[in-house]
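Undergrad: What follows is a structure written as structure tokens; I'll ask about it next.
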Amino acid sequence: MKKAQSIVISSFLFLLVFGLVISVLVYYFTILNSPGSDYEDYEREARNIGELLTSEAYPTVWDESTVKQIGLLEGDILTEGQLIRFGNLSYTKTKSLLGIKEEYVFYFIDKHDNVVTVTGKNSWQYWGWNGRDRPNGGPDYKIIFDLLAARSRNLATEEKFVKMFVNGKIIEAKMVIHVWDWVEGVIPFLGTGYNFAGQLFTIEEKYAVNEAINLTMGP
């Protein structure tokens, strides 16, 4: 009788310990493979950016000192003028107007899968983070795309279809918004310069591990 009770108790303890071990392993496996417990916050910020940018600004005619609510539409059309004004804002100001904490960029793809370029005093293929404060964005989205692929985490993406007035005509395009933070220990910095033709000619990326990469993109 006592032997049978001992076997039952031993079996119960074994199953209890086994269950605890499995629970701990599952927990740590989930943590290690999760993009981040706050990933939903990044998705929420991406959605909020999309909603704000596809609305009208207040006031409708604005500059950095007068804008109260950011938006890129005039009526139901997203215009070059609004994008140029947005691009000339400081990155810090744009994050304040958008009400976000994380890094972000957005860009547009036309029906032929080409990235849309908007040209004013400078040129833009993307708006948002570029490692500097002013102006935000820049003329070559591929630079940001490669950097995000290599150095970002918790990358959330939102897409919205819009009508744009660019290069003298209305086109249909897809707005793509990315929100993310950087891999721990990495502090990216893009130092960019322009020649008199307005072309990007140098890029520099600096990291907290004291690694430095210098690339030449043109004359």
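Residues in the structure tokens are named by chain (A, B, ... in the order shown) and by number from 1 within that chain; ligands are numbered from 1 in the order shown.
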List as a list in words the protein and nucleic acid residues near region 106-115 of chain A, meaning an atom at most 6 Å away when only C-alpha atoms are counted, but skip any in the same chain fewer than 2 places from it.
TA: Tyr126, Trp127, Ala173, Lys174, Met175, Val176 and Ile177 of chain A
Undergrad: Include N, CA, C and O atoms and write out the residues we just selected as a compact mmCIF listing (two decimals), in the first residue's frame.
TA:
```txt
# COMPACT_ATOMS: atom_id res chain seq x y z
N TYR A 126 11.34 60.16 -49.95
CA TYR A 126 10.78 59.74 -48.67
C TYR A 126 10.78 60.92 -47.72
O TYR A 126 11.53 61.90 -47.90
N TRP A 127 9.94 60.83 -46.70
CA TRP A 127 9.82 61.87 -45.68
C TRP A 127 9.94 61.21 -44.32
O TRP A 127 9.54 60.06 -44.12
N ALA A 173 -1.63 56.36 -56.16
CA ALA A 173 -0.40 55.83 -55.57
C ALA A 173 -0.70 55.17 -54.23
O ALA A 173 -1.78 55.34 -53.66
N LYS A 174 0.26 54.42 -53.77
CA LYS A 174 0.17 53.78 -52.46
C LYS A 174 1.14 54.46 -51.51
O LYS A 174 2.34 54.54 -51.79
N MET A 175 0.62 54.99 -50.41
CA MET A 175 1.48 55.54 -49.36
C MET A 175 1.92 54.39 -48.45
O MET A 175 1.08 53.64 -47.95
N VAL A 176 3.22 54.26 -48.25
CA VAL A 176 3.77 53.22 -47.38
C VAL A 176 4.44 53.90 -46.19
O VAL A 176 5.29 54.77 -46.38
N ILE A 177 4.04 53.51 -45.00
CA ILE A 177 4.55 54.11 -43.76
C ILE A 177 5.26 53.03 -42.95
O ILE A 177 4.72 51.95 -42.75
```
Undergrad: Please identify the helix (DSSP H, G or I) residues within region 45-217 of chain A (assignment by DSSP from backbone atoms) and present them as JSON, numbers by chain.
TA: {"A": [45, 46, 47, 48, 49, 50, 51, 52, 53, 80, 81, 82, 83, 84, 85, 86, 87, 91, 92, 93, 94, 95, 96, 97, 98, 141, 142, 143, 144, 145, 146, 147, 148, 149, 150, 151]}
Undergrad: Check which residues of region 123-153 of chain A sit at most 12 Å from region 71-83 of chain A using only C-alpha atoms, and return one row each with the closest pair of atoms and their distance in Å to one decimal, ordered by chain and rising number, as a tab-separated table.
TA:
```
residue	atom	partner	partner_atom	distance
A:Ser123	CA	A:Leu83	CA	10.5
A:Trp124	CA	A:Leu83	CA	8.7
A:Gln125	CA	A:Leu83	CA	10.4
A:Tyr126	CA	A:Leu83	CA	9.8
A:Trp127	CA	A:Leu83	CA	8.4
A:Gly128	CA	A:Leu83	CA	11.2
A:Pro135	CA	A:Leu83	CA	11.9
A:Asn136	CA	A:Leu83	CA	11.0
A:Gly137	CA	A:Leu83	CA	10.5
A:Gly138	CA	A:Leu83	CA	11.9
```
Undergrad: Now that the selection is made, can you save its residues with N, CA and C atoms as a PDB file, in the first residue's frame?
TA:
```pdb
ATOM      1  N   SER A 123      14.824  67.620 -53.409  1.00  0.00           N
ATOM      2  CA  SER A 123      14.003  66.524 -53.918  1.00  0.00           C
ATOM      3  C   SER A 123      13.742  65.531 -52.799  1.00  0.00           C
ATOM      4  N   TRP A 124      12.566  64.903 -52.858  1.00  0.00           N
ATOM      5  CA  TRP A 124      12.204  63.901 -51.860  1.00  0.00           C
ATOM      6  C   TRP A 124      11.669  62.644 -52.527  1.00  0.00           C
ATOM      7  N   GLN A 125      12.154  61.499 -52.082  1.00  0.00           N
ATOM      8  CA  GLN A 125      11.503  60.223 -52.363  1.00  0.00           C
ATOM      9  C   GLN A 125      10.903  59.650 -51.084  1.00  0.00           C
ATOM     10  N   TYR A 126      11.342  60.164 -49.949  1.00  0.00           N
ATOM     11  CA  TYR A 126      10.776  59.742 -48.670  1.00  0.00           C
ATOM     12  C   TYR A 126      10.785  60.924 -47.717  1.00  0.00           C
ATOM     13  N   TRP A 127       9.936  60.831 -46.698  1.00  0.00           N
ATOM     14  CA  TRP A 127       9.816  61.872 -45.679  1.00  0.00           C
ATOM     15  C   TRP A 127       9.942  61.211 -44.315  1.00  0.00           C
ATOM     16  N   GLY A 128      10.493  61.949 -43.349  1.00  0.00           N
ATOM     17  CA  GLY A 128      10.660  61.406 -42.009  1.00  0.00           C
ATOM     18  C   GLY A 128      12.122  61.290 -41.631  1.00  0.00           C
ATOM     19  N   PRO A 135      16.424  69.437 -43.328  1.00  0.00           N
ATOM     20  CA  PRO A 135      15.031  69.041 -43.547  1.00  0.00           C
ATOM     21  C   PRO A 135      14.877  67.549 -43.304  1.00  0.00           C
ATOM     22  N   ASN A 136      13.652  67.090 -43.098  1.00  0.00           N
ATOM     23  CA  ASN A 136      13.445  65.661 -42.919  1.00  0.00           C
ATOM     24  C   ASN A 136      13.374  64.980 -44.284  1.00  0.00           C
ATOM     25  N   GLY A 137      13.487  63.653 -44.290  1.00  0.00           N
ATOM     26  CA  GLY A 137      13.387  62.907 -45.539  1.00  0.00           C
ATOM     27  C   GLY A 137      14.600  63.079 -46.428  1.00  0.00           C
ATOM     28  N   GLY A 138      14.466  62.664 -47.694  1.00  0.00           N
ATOM     29  CA  GLY A 138      15.585  62.764 -48.609  1.00  0.00           C
ATOM     30  C   GLY A 138      15.260  62.261 -49.999  1.00  0.00           C
TER      31      GLY A 138
END
```
Undergrad: With distances taken over only C-alpha atoms, which of A:Gly168, A:Phe161, A:Val105, A:Glu40 is nearest to Phe145 (chain A)?
TA: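 That would be A:Val105, the residue with the smallest distance to Phe145 (chain A).
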Undergrad: Taking into account only C-alpha atoms, which residue in the set A:Val166, A:Leu155, A:Leu97, A:Ile143 is nearest to Glu64 (chain A)?
TA: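 Of the candidates, the smallest distance to Glu64 (chain A) is held by A:Leu97.
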Undergrad: Which residue gives the smallest distance to Glu102 (chain A) among A:Ala150, A:Ala156, A:Ile170, A:Val162, with only C-alpha atoms counted?
TA: A:Ala156
Undergrad: One decimal, in Å: what's the spacing between CA of Arg132 (chain A) and CA of Lys163 (chain A)?
TA: 29.1 Å
Undergrad: What are the DSSP strand (DSSP E) residues of region 55-91 of chain A, as a PDB file with C-alpha atoms, in the first residue's frame?
TA:
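Resulting contents of part_12.pdb:
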```pdb
ATOM      1  CA  LEU A  73      -4.617  66.692 -48.484  1.00  0.00           C
ATOM      2  CA  GLU A  74      -6.219  69.590 -50.284  1.00  0.00           C
ATOM      3  CA  ILE A  77      -5.958  65.151 -53.326  1.00  0.00           C
ATOM      4  CA  LEU A  78      -2.499  64.894 -51.778  1.00  0.00           C
ATOM      5  CA  THR A  79      -0.418  67.702 -53.276  1.00  0.00           C
TER       6      THR A  79
END
```
Undergrad: In Å, rounded to a single decimal, give me how far CA of Lys101 (chain A) is from CA of Leu148 (chain A).
TA: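 A separation of 17.2 Å between them.
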Undergrad: I'd like the interatomic distance between CA of Val116 (chain A) and CA of Lys160 (chain A), to a tenth of an Å.
TA: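 CA of Lys160 (chain A) lies at a distance of 14.5 Å from CA of Val116 (chain A).
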Undergrad: So, counting only C-alpha atoms, which residue among A:Lys95, A:Gly131, A:Arg85, A:Lys121 is closest to Trp62 (chain A)?
TA: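 Ranked by minimum distance to Trp62 (chain A), first place goes to A:Arg85.
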